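Data file: work.pdb. Format and content: PDB, C-alpha atoms.
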```pdb
ATOM      1  CA  MET A   1     148.651  39.361  71.497  1.00  0.00           C
ATOM      2  CA  SER A   2     150.026  37.878  74.699  1.00  0.00           C
ATOM      3  CA  LEU A   3     151.726  34.494  74.833  1.00  0.00           C
ATOM      4  CA  TYR A   4     150.863  31.728  77.318  1.00  0.00           C
ATOM      5  CA  VAL A   5     152.065  28.218  78.091  1.00  0.00           C
ATOM      6  CA  GLN A   6     149.306  25.848  79.192  1.00  0.00           C
ATOM      7  CA  LEU A   7     150.240  22.698  81.093  1.00  0.00           C
ATOM      8  CA  VAL A   8     147.455  20.118  80.950  1.00  0.00           C
ATOM      9  CA  LYS A   9     146.920  17.022  83.106  1.00  0.00           C
ATOM     10  CA  LEU A  10     144.149  14.607  82.282  1.00  0.00           C
ATOM     11  CA  SER A  11     141.851  13.740  85.150  1.00  0.00           C
ATOM     12  CA  ARG A  12     140.965  10.113  85.838  1.00  0.00           C
ATOM     13  CA  GLU A  13     137.763  10.676  83.888  1.00  0.00           C
ATOM     14  CA  GLY A  14     139.710  12.263  81.033  1.00  0.00           C
ATOM     15  CA  ALA A  15     142.126   9.351  80.882  1.00  0.00           C
ATOM     16  CA  MET A  16     139.200   6.940  80.707  1.00  0.00           C
ATOM     17  CA  LYS A  17     137.830   8.914  77.734  1.00  0.00           C
ATOM     18  CA  ILE A  18     141.179   9.361  75.961  1.00  0.00           C
ATOM     19  CA  ARG A  19     139.666   8.426  72.597  1.00  0.00           C
ATOM     20  CA  GLU A  20     137.376  11.476  72.844  1.00  0.00           C
ATOM     21  CA  VAL A  21     140.165  13.992  73.466  1.00  0.00           C
ATOM     22  CA  ALA A  22     140.305  15.102  69.807  1.00  0.00           C
ATOM     23  CA  GLY A  23     136.660  16.166  69.872  1.00  0.00           C
ATOM     24  CA  ASP A  24     137.055  17.986  73.182  1.00  0.00           C
ATOM     25  CA  PHE A  25     140.162  19.743  71.878  1.00  0.00           C
ATOM     26  CA  ALA A  26     138.294  20.906  68.751  1.00  0.00           C
ATOM     27  CA  GLU A  27     135.529  22.355  70.949  1.00  0.00           C
ATOM     28  CA  VAL A  28     138.080  24.204  73.093  1.00  0.00           C
ATOM     29  CA  GLN A  29     139.789  25.533  69.942  1.00  0.00           C
ATOM     30  CA  ARG A  30     136.488  26.898  68.629  1.00  0.00           C
ATOM     31  CA  PHE A  31     135.779  28.608  71.952  1.00  0.00           C
ATOM     32  CA  ASN A  32     139.272  30.116  72.069  1.00  0.00           C
ATOM     33  CA  GLU A  33     138.730  31.591  68.616  1.00  0.00           C
ATOM     34  CA  THR A  34     135.609  33.415  69.894  1.00  0.00           C
ATOM     35  CA  LEU A  35     137.892  35.006  72.509  1.00  0.00           C
ATOM     36  CA  GLY A  36     140.420  36.070  69.884  1.00  0.00           C
ATOM     37  CA  GLY A  37     142.839  33.358  71.025  1.00  0.00           C
ATOM     38  CA  LYS A  38     144.505  30.487  69.240  1.00  0.00           C
ATOM     39  CA  PHE A  39     146.825  27.592  69.892  1.00  0.00           C
ATOM     40  CA  LEU A  40     150.175  28.076  68.187  1.00  0.00           C
ATOM     41  CA  TYR A  41     151.522  24.635  69.041  1.00  0.00           C
ATOM     42  CA  VAL A  42     150.273  21.708  71.116  1.00  0.00           C
ATOM     43  CA  VAL A  43     152.176  18.531  71.983  1.00  0.00           C
ATOM     44  CA  ALA A  44     151.318  15.347  73.854  1.00  0.00           C
ATOM     45  CA  CYS A  45     153.833  14.453  76.557  1.00  0.00           C
ATOM     46  CA  PHE A  46     154.968  11.626  78.781  1.00  0.00           C
ATOM     47  CA  GLY A  47     155.499  12.530  82.412  1.00  0.00           C
ATOM     48  CA  GLU A  48     153.886  15.001  84.782  1.00  0.00           C
ATOM     49  CA  TYR A  49     151.817  16.731  82.071  1.00  0.00           C
ATOM     50  CA  ASP A  50     149.844  15.035  79.317  1.00  0.00           C
ATOM     51  CA  PHE A  51     149.766  18.032  76.961  1.00  0.00           C
ATOM     52  CA  VAL A  52     151.618  21.317  76.650  1.00  0.00           C
ATOM     53  CA  ALA A  53     150.191  24.138  74.572  1.00  0.00           C
ATOM     54  CA  LEU A  54     151.646  27.425  73.418  1.00  0.00           C
ATOM     55  CA  ALA A  55     148.733  29.816  72.941  1.00  0.00           C
ATOM     56  CA  GLU A  56     148.069  33.442  72.105  1.00  0.00           C
ATOM     57  CA  TYR A  57     145.271  35.443  73.699  1.00  0.00           C
ATOM     58  CA  PRO A  58     144.498  39.147  73.482  1.00  0.00           C
ATOM     59  CA  ASN A  59     144.763  39.536  77.288  1.00  0.00           C
ATOM     60  CA  ASP A  60     144.839  37.729  80.645  1.00  0.00           C
ATOM     61  CA  GLU A  61     141.039  37.708  80.899  1.00  0.00           C
ATOM     62  CA  ALA A  62     140.704  35.811  77.609  1.00  0.00           C
ATOM     63  CA  ALA A  63     143.436  33.358  78.699  1.00  0.00           C
ATOM     64  CA  LEU A  64     141.574  32.751  81.960  1.00  0.00           C
ATOM     65  CA  GLN A  65     138.288  32.211  80.128  1.00  0.00           C
ATOM     66  CA  GLY A  66     139.914  29.791  77.680  1.00  0.00           C
ATOM     67  CA  ALA A  67     141.528  27.748  80.441  1.00  0.00           C
ATOM     68  CA  ALA A  68     138.333  27.775  82.540  1.00  0.00           C
ATOM     69  CA  PHE A  69     136.253  26.586  79.574  1.00  0.00           C
ATOM     70  CA  ALA A  70     138.682  23.736  78.915  1.00  0.00           C
ATOM     71  CA  ALA A  71     138.790  22.729  82.597  1.00  0.00           C
ATOM     72  CA  ALA A  72     134.984  22.895  82.820  1.00  0.00           C
ATOM     73  CA  GLN A  73     134.804  19.983  80.376  1.00  0.00           C
ATOM     74  CA  GLY A  74     135.815  17.887  83.402  1.00  0.00           C
ATOM     75  CA  ASN A  75     138.594  15.969  81.659  1.00  0.00           C
ATOM     76  CA  SER A  76     141.669  17.895  82.746  1.00  0.00           C
ATOM     77  CA  SER A  77     143.290  20.455  84.989  1.00  0.00           C
ATOM     78  CA  ILE A  78     145.179  23.308  83.402  1.00  0.00           C
ATOM     79  CA  GLN A  79     147.960  25.562  84.610  1.00  0.00           C
ATOM     80  CA  THR A  80     148.375  28.699  82.491  1.00  0.00           C
ATOM     81  CA  LEU A  81     151.645  30.628  82.557  1.00  0.00           C
ATOM     82  CA  PRO A  82     152.303  33.996  80.933  1.00  0.00           C
ATOM     83  CA  ALA A  83     155.300  33.686  78.608  1.00  0.00           C
ATOM     84  CA  TYR A  84     157.564  36.087  76.735  1.00  0.00           C
ATOM     85  CA  PRO A  85     159.450  35.602  73.483  1.00  0.00           C
ATOM     86  CA  ILE A  86     163.131  35.290  74.251  1.00  0.00           C
ATOM     87  CA  GLU A  87     163.959  38.497  72.346  1.00  0.00           C
ATOM     88  CA  GLU A  88     161.566  40.479  74.579  1.00  0.00           C
ATOM     89  CA  PHE A  89     163.110  38.846  77.649  1.00  0.00           C
ATOM     90  CA  PHE A  90     166.627  39.874  76.597  1.00  0.00           C
ATOM     91  CA  THR A  91     165.474  43.443  75.850  1.00  0.00           C
ATOM     92  CA  THR A  92     163.877  43.706  79.283  1.00  0.00           C
ATOM     93  CA  ILE A  93     166.913  42.227  81.067  1.00  0.00           C
ATOM     94  CA  ASN A  94     169.304  44.520  79.195  1.00  0.00           C
ATOM     95  CA  GLY A  95     167.464  47.470  80.788  1.00  0.00           C
ATOM     96  CA  LEU A  96     168.446  46.369  84.302  1.00  0.00           C
ATOM     97  CA  PRO A  97     171.119  48.414  86.088  1.00  0.00           C
ATOM     98  CA  HIS A  98     174.570  46.848  86.329  1.00  0.00           C
ATOM     99  CA  LYS A  99     176.147  45.849  89.640  1.00  0.00           C
ATOM    100  CA  ALA A 100     177.929  48.687  91.364  1.00  0.00           C
TER     101      ALA A 100
END
```

Once you've parsed the file, please lay out its structure as structure tokens.
Amino acid sequence: MSLYVQLVKLSREGAMKIREVAGDFAEVQRFNETLGGKFLYVVACFGEYDFVALAEYPNDEAALQGAAFAAAQGNSSIQTLPAYPIEEFFTTINGLPHKA
């Protein structure tokens, strides 16, 4: 499974329907499960983004479909970033050649 960070901003319409976010989120979760994806952790934030999610999907196509389905609800915009566990990052970086 591949790891993704999803940065979510509510639209004006989404902010006006804030009390309905739980139901929308449940619908998005169900759809993600049909793709083989799942949210590992989701937090509400103050600042530039309203929610940040850490999600797993089987591939980039499933991540794109999950984000597009969520955005199609019309309540938010979503930026999806591929992410790597820190151990995998260190393994990859350790394979780089050293300065000459």

Give as a ChimeraX atom specification the residues that the PyMOL selection byres ((chain A and resi 74-81) around 10) matches when applied to the coordinates above. /A:3-18,20-21,24,49-55,60,63-64,66-73,82-84

CA of Glu27 in chain A to CA of Phe46 in chain A, straight-line distance in Å: 23.5 Å

Let me make sure I understand: among A:Asn94, A:Glu87, A:Lys99, A:Tyr57, which one has the smallest atom-to-atom distance to Phe31 in chain A if we use only C-alpha atoms? A:Tyr57

As a check of understanding: the span from CA of Tyr41 in chain A to CA of Asn59 in chain A is 18.3 Å
